[in-house]
Amino acid sequence: MDQNPQQPPVESPEQPSATPPAETKPRLSRAKIINGLLALAALALAGGGLYWAFGSNHNSKQRADVNNQPAKSAPAMTQQVQGLQLDPSKNYGNKYANGILPVGDGKYLTGGPKSGYIYACSGYANNLQNQAGGAGRPGPWFVGTTEYSVNKKLHVRGAVKWQASFSDVVSGATRTIITNDLPNHTTGVFPISPTDPAYAYDRNPNSIKGQTLTYGLSANPTYATAPTCEGGQVGVMLTGVVLFDGLDAGGRDAGAWEVQDNCDGHPQKDGIYHYHTLSACINNVSVKTVIGFALDGFPITGPQLGTNNYLTTADLDECHGLTSEVVLDGKNVTTYHYVMTQDYPYSVSCYRGTPIQPPGQANGVPTNHP
């Protein structure tokens with residue numbers, strides 16, 4: 001972030017000392033008078049507040065205010081104006097208004113990032129290939145094998161309340177998030193009961209358990225040209241809930257196959273309640289609203305720009321993000337951020353910054369599902 005530079009003095013017209021006798025009063029040269037008038041005119045045009053940079057090597061983008069005080073420092077992370085830029089005036093449309101979404105089964109790579117795919121670290125990818133998926137068979141919400149209707153998808157029944165504990169504190173260069181992973185909204189009943197219609201398709205045997213999770217994230221993450229692979233857990237949401245990528249334990253589209261509750265969450269075998277997709281219990285999904293943070297410290301927002309105006313995967317870069325203005329810690333900040341969309345891969349698909357090792361996940365290999 002640029003710092004306020006040392007302010008150069010404003011040159012003013014040369015002024016004579018106390019008036020001597022008339023016969024000895026010095027005469028100002030015509031050149032000096034013109035220079036003085038030009039300087040005064042410049043000050044007047046700027047409202048008396050803008051200083052002029054003399055010399056070709058002055059690079060300041062700051063200016064002094066009317067009291068000749070330094071301008072306020074720019075908000076944190078404004079240096080991240082890089083990569084794909086949002087066009088706030090564009091109508092991106094509402095491509096999935098009918099609720100029919102593409103199925104992203106097997107859409108992950110280990111050799112590098114690609115739009116619409118998850119860039120999976122090799123150890124994580126090997127783990128996916130050796131596990132069975134969480135759901136036993138496709139539900140009636142599938143439209144053939146390549147699409148599914150999110151509006152017809154079943155949800156795990158129940159409305160269980162939890163005692164959530166969550167904090168988000170920025171100190172210096174670190175953002176510390178501490179959560180017990182219990183959400184600030186209700187959940188379904190897990191394990192899924194045999195009497196629940198969802199049981200016919202997904203027999204998730206896991207229970208939701210409180211966790212002790214601490215994330216020491218960068219408060220000023222640096223945008224990297226070369227993305228980094230991810231390994232299952234990709235962030236934490238401001239609801240207090242862990243965010244996993246868009247894959248189930250077998251490398252299939254988790255949003256299409258697995259049955260979650262009404263808030264789009266469910267637990268894995270260690271009791272970690274998590275989302276794969278944008279939770280229906282997050283009320284403000286504006287592209288300007290921060291709803292979580294990725295493990296590299298960059299914010300996560302919703303996809304909505306306005307009525308019937310939503311970003312989709314096709315509008316984002318290969319890591320599922322772009323650069324635009326968001327409200328971060330109460331300030332309008334222009335930064336790179338990830339966007340949670342309706343369609344696969346739903347959220348972070350690789351990292352633009354340097355990720356931390358997620359708590360509760362060893363060696364980049366997640367403990368996703370049974």
# chains A, B, ... in the order shown; residues from 1 in each chain; ligands from 1

$ closest_atom_pairs --of "region 218-320 of chain A" --to "region 81-97 of chain A" --cutoff "12 Å" --atoms "only C-alpha atoms" --output "Markdown table"
| residue | atom | partner | partner_atom | distance |
| --- | --- | --- | --- | --- |
| A:Thr222 | CA | A:Gln82 | CA | 10.3 |
| A:Tyr223 | CA | A:Gln82 | CA | 7.4 |
| A:Ala224 | CA | A:Gln82 | CA | 9.3 |
| A:Thr225 | CA | A:Gly83 | CA | 8.2 |
| A:Ala226 | CA | A:Gly83 | CA | 11.1 |
| A:Pro227 | CA | A:Gly83 | CA | 11.6 |
| A:Ser286 | CA | A:Pro88 | CA | 11.9 |
| A:Val287 | CA | A:Leu86 | CA | 9.7 |
| A:Lys288 | CA | A:Pro88 | CA | 10.4 |
| A:Pro303 | CA | A:Tyr92 | CA | 10.3 |
| A:Gln304 | CA | A:Asn94 | CA | 9.4 |
| A:Leu305 | CA | A:Pro88 | CA | 7.4 |
| A:Gly306 | CA | A:Asn91 | CA | 8.4 |
| A:Thr307 | CA | A:Asn94 | CA | 8.7 |
| A:Asn308 | CA | A:Asn94 | CA | 5.0 |
| A:Asn309 | CA | A:Gly93 | CA | 4.6 |
| A:Tyr310 | CA | A:Asn94 | CA | 5.5 |
| A:Leu311 | CA | A:Tyr92 | CA | 6.2 |
| A:Thr312 | CA | A:Lys95 | CA | 7.7 |
| A:Thr313 | CA | A:Lys95 | CA | 10.6 |
| A:Ala314 | CA | A:Tyr92 | CA | 10.1 |
| A:Asp315 | CA | A:Tyr92 | CA | 8.1 |
| A:Leu316 | CA | A:Leu84 | CA | 7.4 |
| A:Asp317 | CA | A:Leu84 | CA | 6.5 |
| A:Glu318 | CA | A:Leu84 | CA | 9.9 |
| A:Cys319 | CA | A:Leu84 | CA | 10.7 |
| A:His320 | CA | A:Leu84 | CA | 10.3 |

$ residues_around --residues "Asn151 (chain A)" --least-positions-apart "3" --cutoff "12 Å" --atoms "only C-alpha atoms" --output "number ranges by chain"
A: 96-101, 140-143, 148, 154-155, 256, 262, 280, 342

$ write_last_selection --atoms "N, CA and C atoms" --output "CSV table (one decimal), in the first residue's frame"
chain,number,residue,atom,x,y,z
A,96,TYR,N,-29.5,-19.5,-14.6
A,96,TYR,CA,-30.0,-20.6,-14.0
A,96,TYR,C,-31.3,-20.3,-13.3
A,97,ALA,N,-32.1,-19.4,-13.8
A,97,ALA,CA,-33.4,-19.0,-13.2
A,97,ALA,C,-34.3,-20.2,-13.0
A,98,ASN,N,-34.2,-21.2,-13.9
A,98,ASN,CA,-35.1,-22.3,-13.9
A,98,ASN,C,-34.6,-23.4,-12.9
A,99,GLY,N,-33.5,-23.2,-12.3
A,99,GLY,CA,-33.0,-24.1,-11.3
A,99,GLY,C,-32.3,-25.3,-11.8
A,100,ILE,N,-32.1,-25.4,-13.1
A,100,ILE,CA,-31.5,-26.6,-13.7
A,100,ILE,C,-30.0,-26.3,-13.9
A,101,LEU,N,-29.2,-27.1,-13.2
A,101,LEU,CA,-27.7,-26.8,-13.1
A,101,LEU,C,-27.0,-28.0,-13.7
A,140,PRO,N,-34.2,-38.3,-7.7
A,140,PRO,CA,-35.1,-38.0,-8.8
A,140,PRO,C,-35.0,-36.5,-9.2
A,141,TRP,N,-34.1,-35.8,-8.6
A,141,TRP,CA,-33.8,-34.4,-9.0
A,141,TRP,C,-32.8,-34.4,-10.2
A,142,PHE,N,-32.2,-35.5,-10.6
A,142,PHE,CA,-31.3,-35.6,-11.7
A,142,PHE,C,-32.1,-35.5,-13.0
A,143,VAL,N,-31.6,-34.7,-14.0
A,143,VAL,CA,-32.2,-34.6,-15.3
A,143,VAL,C,-31.3,-35.3,-16.2
A,148,TYR,N,-29.1,-31.4,-13.1
A,148,TYR,CA,-30.0,-31.7,-12.0
A,148,TYR,C,-30.8,-30.4,-11.6
A,154,LEU,N,-34.2,-33.1,-2.6
A,154,LEU,CA,-34.6,-33.3,-1.2
A,154,LEU,C,-33.6,-32.7,-0.3
A,155,HIS,N,-34.1,-32.4,0.9
A,155,HIS,CA,-33.3,-31.9,2.0
A,155,HIS,C,-33.5,-32.7,3.3
A,256,ALA,N,-24.8,-31.9,-6.5
A,256,ALA,CA,-25.8,-32.7,-7.2
A,256,ALA,C,-26.1,-33.9,-6.5
A,262,ASN,N,-31.7,-28.0,5.0
A,262,ASN,CA,-32.3,-26.8,4.4
A,262,ASN,C,-31.4,-25.6,4.3
A,280,ALA,N,-28.5,-21.6,1.6
A,280,ALA,CA,-29.8,-20.9,1.5
A,280,ALA,C,-30.0,-20.0,2.7
A,342,GLN,N,-24.2,-20.4,-8.2
A,342,GLN,CA,-25.2,-21.5,-8.2
A,342,GLN,C,-24.6,-22.7,-8.8

$ select_by_dssp --residues "region 109-349 of chain A" --states "helix (DSSP H, G or I)" --output "list in words"
Ser122, Gly123, Tyr124, Ala125, Asn126, Asn127, Leu128, Gln129, Pro197, Ala198, Tyr199, Ala200, Ala254, Gly255, Ala256, Trp257, Thr313, Ala314 and Asp315 of chain A

$ write_last_selection --atoms "C-alpha atoms" --output "CSV table (one decimal), in the first residue's frame"
chain,number,residue,atom,x,y,z
A,122,SER,CA,-2.2,-34.6,-6.1
A,123,GLY,CA,-2.5,-36.2,-2.6
A,124,TYR,CA,-6.1,-35.0,-2.4
A,125,ALA,CA,-6.9,-36.2,-5.9
A,126,ASN,CA,-5.4,-39.7,-5.1
A,127,ASN,CA,-7.6,-39.8,-2.0
A,128,LEU,CA,-10.7,-39.0,-4.1
A,129,GLN,CA,-9.9,-41.9,-6.5
A,197,PRO,CA,-37.1,-39.5,2.6
A,198,ALA,CA,-33.5,-38.4,2.0
A,199,TYR,CA,-32.3,-41.8,3.5
A,200,ALA,CA,-33.2,-43.6,0.3
A,254,ALA,CA,-21.3,-32.8,-4.1
A,255,GLY,CA,-24.1,-30.3,-4.8
A,256,ALA,CA,-25.8,-32.7,-7.2
A,257,TRP,CA,-25.3,-36.0,-5.4
A,313,THR,CA,-18.8,-19.8,-13.3
A,314,ALA,CA,-18.4,-18.6,-16.9
A,315,ASP,CA,-18.0,-15.0,-15.6

$ closest_residue --among "A:Pro359, A:Gly321, A:Gly292, A:Pro138" --to "Thr212 (chain A)" --atoms "only C-alpha atoms"
A:Pro359

$ closest_residue --among "A:Thr323, A:Thr186, A:Asn220, A:Gln211" --to "Ile282 (chain A)" --atoms "only C-alpha atoms"
A:Thr186
